[in-house]
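S.K.: I am attaching a structure below and will ask some questions about it afterwards.
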Amino acid sequence: MDSWARLHLVNRVLEAAPLLPFAVAFLRRRNIPYKLKPVYYYIGAEAFFFFLDRISRLTIRNNIYIYHLGTLLLVFFVAQTYRRLLPPSRVRAAIPISLILFSGVAFIDAAFLSGLFTYLNTYSHSFGCTILIVLALVHISHLINSSPYTALEKQPDFFLSVAVLLYSSCSIISFVAVKTIYTSDYDYHTTLNLDRLFTTPDVLLFAIAMALLAWMFAFYPLSTAPRRALPKWLHYSSWRPRPFRLLHQPLSEQLRNEELRKC
């Protein structure tokens, strides 16, 4: 296996990263606060997209539309989360307006500029990630000002903003680079190798962002105690020693009947 094939394999493995935070959040779904519920729904959608991506690669040989849908859900769910986290302000009031503008850009990008099945949604993704970067910076500033004596790493919301900043800032560059590669006059193998090369940082940071979201959800207690989460037949407290039998009858019962006869 050459280096390009190994790089491709690493990218495919890292794409399974949403399964980790989804598993962590699913076990705590009843204790996740209302403000962070949209992030839980977004993680669930990303976990579904992971399997949908595999099916699309095998059947229609095209998974571009998943990037369009992923960007749409990323911006809407995360922006809705920041709308719940941020206090009343001009930034919070501007979130619905920015989402309306983003919806228009996403529609134009999918219908005319990039195509739903042709190229990556560079324009809508860049615009949406810019919105999220601004909201993440404002949110971190709010955390510092509202809780100056509480360490940031002790606040679950902080990991959301770090994940957003980490992934969104890099993905803009990656999307632009990949679309530039496919619109240039490179041969097939060069285009494929460059795609793998420029996609790797994006996928790697996406996996790190998913790990940060899993860390965020781990702050909250499990919905069910670990012992109660097991099936009943696995509870060691319900195990009982099997009774001794003689002639297909429990030995203890035979002894009891014998004592009753003597009385």
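Numbering starts fresh at 1 for the residues of each chain in the structure tokens, the chains themselves are lettered A, B, ... in the order given, and ligands are numbered from 1 as they appear.
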Could you name the residues that touch range 23-27 of chain A at 9 Å or less, counting only C-alpha atoms, but leaving out those on the same chain fewer than 6 positions away, as a list in words?
M.R.: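 Using only C-alpha atoms, the neighbours found are Tyr40, Ile43, Gly44, Leu213, Ala214, Trp215, Phe217, Ala218, Tyr220, Pro221, Leu222, Ser223 and Thr224 of chain A.
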S.K.: Okay, now the selection with N, CA, C and O atoms, as an mmCIF file, in the first residue's frame?
M.R.:
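Output saved as again09.cif:
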```
data_model
loop_
_atom_site.group_PDB
_atom_site.id
_atom_site.type_symbol
_atom_site.label_atom_id
_atom_site.label_comp_id
_atom_site.auth_asym_id
_atom_site.auth_seq_id
_atom_site.Cartn_x
_atom_site.Cartn_y
_atom_site.Cartn_z
ATOM 1 N N TYR A 40 -26.674 18.162 20.165
ATOM 2 C CA TYR A 40 -26.948 16.719 20.213
ATOM 3 C C TYR A 40 -27.641 16.269 18.932
ATOM 4 O O TYR A 40 -27.297 15.215 18.359
ATOM 5 N N ILE A 43 -25.083 16.241 16.079
ATOM 6 C CA ILE A 43 -24.196 15.090 16.155
ATOM 7 C C ILE A 43 -24.921 13.843 15.654
ATOM 8 O O ILE A 43 -24.337 13.003 14.950
ATOM 9 N N GLY A 44 -26.194 13.714 16.008
ATOM 10 C CA GLY A 44 -26.963 12.578 15.500
ATOM 11 C C GLY A 44 -27.073 12.592 13.990
ATOM 12 O O GLY A 44 -26.975 11.541 13.341
ATOM 13 N N LEU A 213 -16.392 17.808 21.427
ATOM 14 C CA LEU A 213 -17.819 17.743 21.736
ATOM 15 C C LEU A 213 -18.138 16.557 22.640
ATOM 16 O O LEU A 213 -19.003 16.658 23.525
ATOM 17 N N ALA A 214 -17.431 15.443 22.435
ATOM 18 C CA ALA A 214 -17.615 14.302 23.334
ATOM 19 C C ALA A 214 -17.181 14.668 24.752
ATOM 20 O O ALA A 214 -17.819 14.276 25.735
ATOM 21 N N TRP A 215 -16.091 15.433 24.862
ATOM 22 C CA TRP A 215 -15.626 15.912 26.169
ATOM 23 C C TRP A 215 -16.677 16.818 26.805
ATOM 24 O O TRP A 215 -16.926 16.755 28.018
ATOM 25 N N PHE A 217 -19.982 16.755 26.324
ATOM 26 C CA PHE A 217 -21.116 15.964 26.795
ATOM 27 C C PHE A 217 -20.757 15.129 28.017
ATOM 28 O O PHE A 217 -21.636 14.796 28.818
ATOM 29 N N ALA A 218 -19.476 14.787 28.172
ATOM 30 C CA ALA A 218 -19.060 13.962 29.308
ATOM 31 C C ALA A 218 -19.197 14.697 30.638
ATOM 32 O O ALA A 218 -19.123 14.062 31.697
ATOM 33 N N TYR A 220 -21.850 15.891 31.791
ATOM 34 C CA TYR A 220 -23.187 15.653 32.317
ATOM 35 C C TYR A 220 -23.333 14.190 32.738
ATOM 36 O O TYR A 220 -22.737 13.298 32.127
ATOM 37 N N PRO A 221 -24.125 13.935 33.773
ATOM 38 C CA PRO A 221 -24.243 12.557 34.277
ATOM 39 C C PRO A 221 -25.005 11.666 33.310
ATOM 40 O O PRO A 221 -25.754 12.133 32.437
ATOM 41 N N LEU A 222 -24.818 10.379 33.465
ATOM 42 C CA LEU A 222 -25.513 9.401 32.631
ATOM 43 C C LEU A 222 -27.006 9.440 32.909
ATOM 44 O O LEU A 222 -27.447 9.731 34.023
ATOM 45 N N SER A 223 -27.774 9.141 31.894
ATOM 46 C CA SER A 223 -29.226 9.111 32.066
ATOM 47 C C SER A 223 -29.654 7.949 32.952
ATOM 48 O O SER A 223 -30.664 8.024 33.651
ATOM 49 N N THR A 224 -28.896 6.872 32.942
ATOM 50 C CA THR A 224 -29.210 5.680 33.721
ATOM 51 C C THR A 224 -27.949 5.223 34.433
ATOM 52 O O THR A 224 -26.858 5.313 33.881
#
```
S.K.: With only C-alpha atoms as the counted atoms, please give the residues lying no more than 10 Å from Thr180 in chain A, apart from itself and same-chain residues fewer than 6 positions off, as a ChimeraX atom specification.
M.R.: /A:119,122,174,195
S.K.: Take the selection from the previous step and output its residues with C-alpha atoms, as a PDB file, in the first residue's frame.
M.R.:
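selection.pdb, written as the output of this step:
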```
ATOM      1  CA  TYR A 119     -18.758  20.618  -6.623  1.00  0.00           C
ATOM      2  CA  THR A 122     -17.546  26.466  -1.103  1.00  0.00           C
ATOM      3  CA  SER A 174      -9.875  23.190   2.627  1.00  0.00           C
ATOM      4  CA  ASP A 195      -7.825  16.062  -3.076  1.00  0.00           C
TER       5      ASP A 195
END
```
S.K.: May I have the residues within 9 Å of Ala17 in chain A as a list in words, using only C-alpha atoms and disregarding those fewer than 5 positions away in the same chain?
M.R.: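 The residues that qualify are Ala47, Phe50, Phe206, Ala207, Ile208, Ala209, Met210 and Ala211 of chain A.
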S.K.: Those same residues - all heavy atoms - I'd like them written as a PDB file, in the first residue's frame.
M.R.:
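Saved result, result25.pdb, follows:
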```pdb
ATOM      1  N   ALA A  47     -23.733  11.503  12.514  1.00  0.00           N
ATOM      2  CA  ALA A  47     -23.577  10.049  12.605  1.00  0.00           C
ATOM      3  C   ALA A  47     -24.378   9.349  11.512  1.00  0.00           C
ATOM      4  O   ALA A  47     -23.921   8.357  10.916  1.00  0.00           O
ATOM      5  CB  ALA A  47     -24.010   9.568  13.990  1.00  0.00           C
ATOM      6  N   PHE A  50     -22.624   9.702   8.161  1.00  0.00           N
ATOM      7  CA  PHE A  50     -21.485   8.806   7.977  1.00  0.00           C
ATOM      8  C   PHE A  50     -21.901   7.538   7.241  1.00  0.00           C
ATOM      9  O   PHE A  50     -21.221   7.088   6.307  1.00  0.00           O
ATOM     10  CB  PHE A  50     -20.875   8.450   9.335  1.00  0.00           C
ATOM     11  CG  PHE A  50     -19.872   7.334   9.281  1.00  0.00           C
ATOM     12  CD1 PHE A  50     -18.613   7.542   8.726  1.00  0.00           C
ATOM     13  CD2 PHE A  50     -20.185   6.072   9.767  1.00  0.00           C
ATOM     14  CE1 PHE A  50     -17.687   6.511   8.661  1.00  0.00           C
ATOM     15  CE2 PHE A  50     -19.259   5.045   9.710  1.00  0.00           C
ATOM     16  CZ  PHE A  50     -18.015   5.260   9.160  1.00  0.00           C
ATOM     17  N   PHE A 206     -11.743  17.974  11.985  1.00  0.00           N
ATOM     18  CA  PHE A 206     -13.131  17.591  12.232  1.00  0.00           C
ATOM     19  C   PHE A 206     -13.199  16.506  13.303  1.00  0.00           C
ATOM     20  O   PHE A 206     -14.060  16.551  14.194  1.00  0.00           O
ATOM     21  CB  PHE A 206     -13.770  17.102  10.933  1.00  0.00           C
ATOM     22  CG  PHE A 206     -15.191  16.633  11.089  1.00  0.00           C
ATOM     23  CD1 PHE A 206     -16.219  17.546  11.272  1.00  0.00           C
ATOM     24  CD2 PHE A 206     -15.495  15.285  11.045  1.00  0.00           C
ATOM     25  CE1 PHE A 206     -17.537  17.117  11.410  1.00  0.00           C
ATOM     26  CE2 PHE A 206     -16.797  14.854  11.186  1.00  0.00           C
ATOM     27  CZ  PHE A 206     -17.822  15.764  11.361  1.00  0.00           C
ATOM     28  N   ALA A 207     -12.287  15.530  13.244  1.00  0.00           N
ATOM     29  CA  ALA A 207     -12.254  14.476  14.260  1.00  0.00           C
ATOM     30  C   ALA A 207     -11.898  15.052  15.630  1.00  0.00           C
ATOM     31  O   ALA A 207     -12.466  14.645  16.653  1.00  0.00           O
ATOM     32  CB  ALA A 207     -11.254  13.398  13.849  1.00  0.00           C
ATOM     33  N   ILE A 208     -10.962  16.001  15.666  1.00  0.00           N
ATOM     34  CA  ILE A 208     -10.603  16.636  16.945  1.00  0.00           C
ATOM     35  C   ILE A 208     -11.791  17.424  17.500  1.00  0.00           C
ATOM     36  O   ILE A 208     -12.053  17.414  18.706  1.00  0.00           O
ATOM     37  CB  ILE A 208      -9.375  17.542  16.760  1.00  0.00           C
ATOM     38  CG1 ILE A 208      -8.148  16.716  16.360  1.00  0.00           C
ATOM     39  CG2 ILE A 208      -9.082  18.331  18.033  1.00  0.00           C
ATOM     40  CD1 ILE A 208      -6.929  17.544  16.050  1.00  0.00           C
ATOM     41  N   ALA A 209     -12.517  18.109  16.614  1.00  0.00           N
ATOM     42  CA  ALA A 209     -13.705  18.847  17.054  1.00  0.00           C
ATOM     43  C   ALA A 209     -14.754  17.900  17.627  1.00  0.00           C
ATOM     44  O   ALA A 209     -15.408  18.203  18.638  1.00  0.00           O
ATOM     45  CB  ALA A 209     -14.276  19.640  15.886  1.00  0.00           C
ATOM     46  N   MET A 210     -14.923  16.735  17.006  1.00  0.00           N
ATOM     47  CA  MET A 210     -15.865  15.756  17.526  1.00  0.00           C
ATOM     48  C   MET A 210     -15.423  15.246  18.897  1.00  0.00           C
ATOM     49  O   MET A 210     -16.253  15.017  19.789  1.00  0.00           O
ATOM     50  CB  MET A 210     -15.988  14.590  16.550  1.00  0.00           C
ATOM     51  CG  MET A 210     -16.662  14.934  15.228  1.00  0.00           C
ATOM     52  SD  MET A 210     -18.397  15.455  15.401  1.00  0.00           S
ATOM     53  CE  MET A 210     -18.249  17.221  15.082  1.00  0.00           C
ATOM     54  N   ALA A 211     -14.116  15.073  19.087  1.00  0.00           N
ATOM     55  CA  ALA A 211     -13.608  14.650  20.391  1.00  0.00           C
ATOM     56  C   ALA A 211     -13.882  15.716  21.456  1.00  0.00           C
ATOM     57  O   ALA A 211     -14.213  15.398  22.606  1.00  0.00           O
ATOM     58  CB  ALA A 211     -12.118  14.343  20.300  1.00  0.00           C
TER      59      ALA A 211
END
```
S.K.: Which one of A:Leu101, A:Ala177, A:Leu192, A:Ile140 sits closest to Leu165 in chain A if you count only C-alpha atoms?
M.R.: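 Of A:Leu101, A:Ala177, A:Leu192, A:Ile140, the one nearest Leu165 in chain A is A:Ile140, counting only C-alpha atoms.
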S.K.: Closest to Ile133 in chain A among A:Phe107, A:Val78, A:Ala94, A:Pro156, using only C-alpha atoms?
M.R.: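 Closest to Ile133 in chain A of all the choices is A:Val78.
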S.K.: Where does range 134-204 of chain A meet range 51-68 of chain A within 12 Å, residue by residue, with the nearest atom pair and distance in Å to one decimal for each, counting only C-alpha atoms, listed by chain and rising number, as a Markdown table?
M.R.:
```
| residue | atom | partner | partner_atom | distance |
| --- | --- | --- | --- | --- |
| A:Ser171 | CA | A:Tyr67 | CA | 11.6 |
| A:Phe175 | CA | A:Tyr67 | CA | 10.2 |
| A:Lys179 | CA | A:Ile64 | CA | 11.5 |
```
S.K.: Mind the document's chain letters and residue numbers, and return as an mmCIF file with C-alpha atoms, in the first residue's frame the residues of range 65-262 of chain A that DSSP labels alpha helix (DSSP H).
M.R.:
```cif
data_model
loop_
_atom_site.group_PDB
_atom_site.id
_atom_site.type_symbol
_atom_site.label_atom_id
_atom_site.label_comp_id
_atom_site.auth_asym_id
_atom_site.auth_seq_id
_atom_site.Cartn_x
_atom_site.Cartn_y
_atom_site.Cartn_z
ATOM 1 C CA TYR A 65 -24.933 16.505 -1.692
ATOM 2 C CA ILE A 66 -24.009 15.301 1.818
ATOM 3 C CA TYR A 67 -21.579 18.222 2.177
ATOM 4 C CA HIS A 68 -24.377 20.639 1.260
ATOM 5 C CA LEU A 69 -26.718 19.061 3.827
ATOM 6 C CA GLY A 70 -23.974 18.861 6.449
ATOM 7 C CA THR A 71 -23.147 22.547 6.146
ATOM 8 C CA LEU A 72 -26.817 23.461 6.346
ATOM 9 C CA LEU A 73 -27.376 21.494 9.547
ATOM 10 C CA LEU A 74 -24.064 22.613 11.063
ATOM 11 C CA VAL A 75 -24.855 26.302 10.689
ATOM 12 C CA PHE A 76 -28.501 26.099 11.735
ATOM 13 C CA PHE A 77 -28.072 23.842 14.766
ATOM 14 C CA VAL A 78 -24.916 25.482 16.121
ATOM 15 C CA ALA A 79 -26.236 29.004 15.505
ATOM 16 C CA GLN A 80 -29.435 28.036 17.329
ATOM 17 C CA THR A 81 -27.282 26.813 20.231
ATOM 18 C CA TYR A 82 -25.461 30.137 20.427
ATOM 19 C CA ARG A 83 -28.791 31.918 20.326
ATOM 20 C CA ARG A 84 -29.686 30.058 23.515
ATOM 21 C CA LEU A 85 -26.295 30.495 25.159
ATOM 22 C CA ARG A 90 -27.151 42.853 19.119
ATOM 23 C CA VAL A 91 -25.231 39.733 18.161
ATOM 24 C CA ARG A 92 -28.001 37.473 19.403
ATOM 25 C CA ALA A 93 -30.617 39.575 17.613
ATOM 26 C CA ALA A 94 -28.624 39.335 14.373
ATOM 27 C CA ILE A 95 -28.545 35.506 14.378
ATOM 28 C CA PRO A 96 -31.965 35.014 12.687
ATOM 29 C CA ILE A 97 -31.062 37.597 10.023
ATOM 30 C CA SER A 98 -27.725 35.901 9.361
ATOM 31 C CA LEU A 99 -29.466 32.530 9.028
ATOM 32 C CA ILE A 100 -31.868 33.963 6.452
ATOM 33 C CA LEU A 101 -28.926 35.320 4.466
ATOM 34 C CA PHE A 102 -27.133 31.995 4.785
ATOM 35 C CA SER A 103 -30.198 30.144 3.514
ATOM 36 C CA GLY A 104 -30.206 32.334 0.407
ATOM 37 C CA VAL A 105 -26.494 31.780 -0.210
ATOM 38 C CA ALA A 106 -26.882 28.020 0.332
ATOM 39 C CA PHE A 107 -29.739 27.822 -2.179
ATOM 40 C CA ILE A 108 -27.878 29.844 -4.834
ATOM 41 C CA THR A 122 -17.546 26.466 -1.103
ATOM 42 C CA TYR A 123 -19.567 29.701 -0.987
ATOM 43 C CA SER A 124 -22.253 28.626 1.468
ATOM 44 C CA HIS A 125 -19.757 26.735 3.639
ATOM 45 C CA SER A 126 -17.397 29.702 3.842
ATOM 46 C CA PHE A 127 -20.226 32.106 4.649
ATOM 47 C CA GLY A 128 -21.740 29.787 7.251
ATOM 48 C CA CYS A 129 -18.409 29.044 8.942
ATOM 49 C CA THR A 130 -17.659 32.766 9.105
ATOM 50 C CA ILE A 131 -20.924 33.261 10.989
ATOM 51 C CA LEU A 132 -20.034 30.461 13.413
ATOM 52 C CA ILE A 133 -16.519 31.820 13.987
ATOM 53 C CA VAL A 134 -17.926 35.209 14.959
ATOM 54 C CA LEU A 135 -20.467 33.607 17.299
ATOM 55 C CA ALA A 136 -17.804 31.397 18.890
ATOM 56 C CA LEU A 137 -15.538 34.383 19.583
ATOM 57 C CA VAL A 138 -18.423 36.347 21.087
ATOM 58 C CA HIS A 139 -19.398 33.359 23.217
ATOM 59 C CA ILE A 140 -15.876 32.881 24.600
ATOM 60 C CA SER A 141 -15.752 36.591 25.442
ATOM 61 C CA HIS A 142 -19.096 36.224 27.217
ATOM 62 C CA LEU A 143 -17.806 33.254 29.252
ATOM 63 C CA ILE A 144 -14.724 35.201 30.354
ATOM 64 C CA ASN A 145 -16.719 38.273 31.366
ATOM 65 C CA SER A 146 -19.632 36.480 33.026
ATOM 66 C CA PRO A 156 -18.845 22.669 29.040
ATOM 67 C CA ASP A 157 -19.889 25.447 26.633
ATOM 68 C CA PHE A 158 -16.265 26.449 26.183
ATOM 69 C CA PHE A 159 -15.440 23.187 24.402
ATOM 70 C CA LEU A 160 -18.220 23.859 21.895
ATOM 71 C CA SER A 161 -16.674 27.175 20.892
ATOM 72 C CA VAL A 162 -13.176 25.696 20.711
ATOM 73 C CA ALA A 163 -14.474 22.930 18.435
ATOM 74 C CA VAL A 164 -16.230 25.481 16.222
ATOM 75 C CA LEU A 165 -13.163 27.702 15.938
ATOM 76 C CA LEU A 166 -10.856 24.761 15.299
ATOM 77 C CA TYR A 167 -12.904 23.194 12.533
ATOM 78 C CA SER A 168 -14.531 26.194 10.859
ATOM 79 C CA SER A 169 -11.342 28.197 10.427
ATOM 80 C CA CYS A 170 -9.581 25.330 8.638
ATOM 81 C CA SER A 171 -12.522 23.979 6.636
ATOM 82 C CA ILE A 172 -12.931 27.252 4.736
ATOM 83 C CA ILE A 173 -9.410 26.900 3.350
ATOM 84 C CA SER A 174 -9.875 23.190 2.627
ATOM 85 C CA PHE A 175 -13.140 23.680 0.749
ATOM 86 C CA VAL A 176 -11.694 26.474 -1.379
ATOM 87 C CA ALA A 177 -8.563 24.437 -2.137
ATOM 88 C CA VAL A 178 -10.486 21.287 -3.115
ATOM 89 C CA LYS A 179 -12.858 23.162 -5.407
ATOM 90 C CA THR A 180 -9.897 24.939 -7.042
ATOM 91 C CA ILE A 181 -8.279 21.562 -7.692
ATOM 92 C CA TYR A 182 -11.373 20.120 -9.390
ATOM 93 C CA TYR A 188 -7.200 12.407 -12.959
ATOM 94 C CA HIS A 189 -4.496 10.951 -10.693
ATOM 95 C CA THR A 190 -3.040 14.347 -9.787
ATOM 96 C CA THR A 191 -6.510 15.680 -8.950
ATOM 97 C CA LEU A 192 -7.255 12.637 -6.787
ATOM 98 C CA ASN A 193 -3.970 12.845 -4.884
ATOM 99 C CA LEU A 194 -4.277 16.582 -4.293
ATOM 100 C CA ASP A 195 -7.825 16.062 -3.076
ATOM 101 C CA ARG A 196 -6.602 13.550 -0.500
ATOM 102 C CA LEU A 197 -3.768 15.853 0.531
ATOM 103 C CA PHE A 198 -5.917 18.947 1.123
ATOM 104 C CA THR A 199 -8.791 16.982 2.651
ATOM 105 C CA THR A 200 -6.655 15.371 5.364
ATOM 106 C CA PRO A 201 -6.257 18.501 7.590
ATOM 107 C CA ASP A 202 -9.979 19.171 7.330
ATOM 108 C CA VAL A 203 -10.915 15.603 8.303
ATOM 109 C CA LEU A 204 -8.320 15.535 11.097
ATOM 110 C CA LEU A 205 -9.551 18.775 12.669
ATOM 111 C CA PHE A 206 -13.131 17.591 12.232
ATOM 112 C CA ALA A 207 -12.254 14.476 14.260
ATOM 113 C CA ILE A 208 -10.603 16.636 16.945
ATOM 114 C CA ALA A 209 -13.705 18.847 17.054
ATOM 115 C CA MET A 210 -15.865 15.756 17.526
ATOM 116 C CA ALA A 211 -13.608 14.650 20.391
ATOM 117 C CA LEU A 212 -14.044 18.066 22.023
ATOM 118 C CA LEU A 213 -17.819 17.743 21.736
ATOM 119 C CA ALA A 214 -17.615 14.302 23.334
ATOM 120 C CA TRP A 215 -15.626 15.912 26.169
ATOM 121 C CA MET A 216 -18.338 18.551 26.501
ATOM 122 C CA PHE A 217 -21.116 15.964 26.795
ATOM 123 C CA PRO A 226 -24.409 1.814 34.841
ATOM 124 C CA ARG A 227 -25.818 -1.237 36.628
ATOM 125 C CA ARG A 228 -29.377 -0.391 35.639
ATOM 126 C CA ALA A 229 -28.304 0.095 32.039
ATOM 127 C CA LEU A 251 -33.391 -31.420 47.316
ATOM 128 C CA SER A 252 -34.460 -28.740 49.801
ATOM 129 C CA GLU A 253 -38.122 -29.430 49.027
ATOM 130 C CA GLN A 254 -37.633 -33.167 49.555
ATOM 131 C CA LEU A 255 -36.011 -32.550 52.947
ATOM 132 C CA ARG A 256 -38.837 -30.249 53.951
ATOM 133 C CA ASN A 257 -41.447 -32.865 53.001
ATOM 134 C CA GLU A 258 -39.527 -35.518 54.951
ATOM 135 C CA GLU A 259 -39.543 -33.358 58.081
ATOM 136 C CA LEU A 260 -43.293 -32.782 57.722
ATOM 137 C CA ARG A 261 -43.907 -36.555 57.557
ATOM 138 C CA LYS A 262 -41.898 -37.100 60.770
#
```
S.K.: Out of range 37-252 of chain A, which residues get strand (DSSP E) from DSSP, as a list in words?
M.R.: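 Restricting range 37-252 of chain A to strand (DSSP E) produces Arg245, Leu246, Gln249 and Pro250 of chain A.
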S.K.: Pick out the closest residue to Leu120 in chain A from this set: A:Glu15, A:Leu20, A:Thr183, A:Ala5. Count only C-alpha atoms.
M.R.: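 When distances to Leu120 in chain A are compared using only C-alpha atoms, the smallest one comes from A:Thr183.
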S.K.: What is the distance, in Å and to one decimal place, between CA of Asp109 in chain A and CA of Asn121 in chain A?
M.R.: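 Rounded to one decimal, the two atoms are 6.3 Å apart.
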S.K.: Can you tell me how far CA of Pro18 in chain A sits from CA of Arg30 in chain A, in Å to one decimal?
M.R.: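 These two atoms are separated by 19.4 Å.
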S.K.: Counting only C-alpha atoms, which residue out of A:Ala111, A:Leu86, A:Leu116, A:Val39 sits closest to Phe22 in chain A?
M.R.: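 Using only C-alpha atoms, Phe22 in chain A sits closest to A:Val39.
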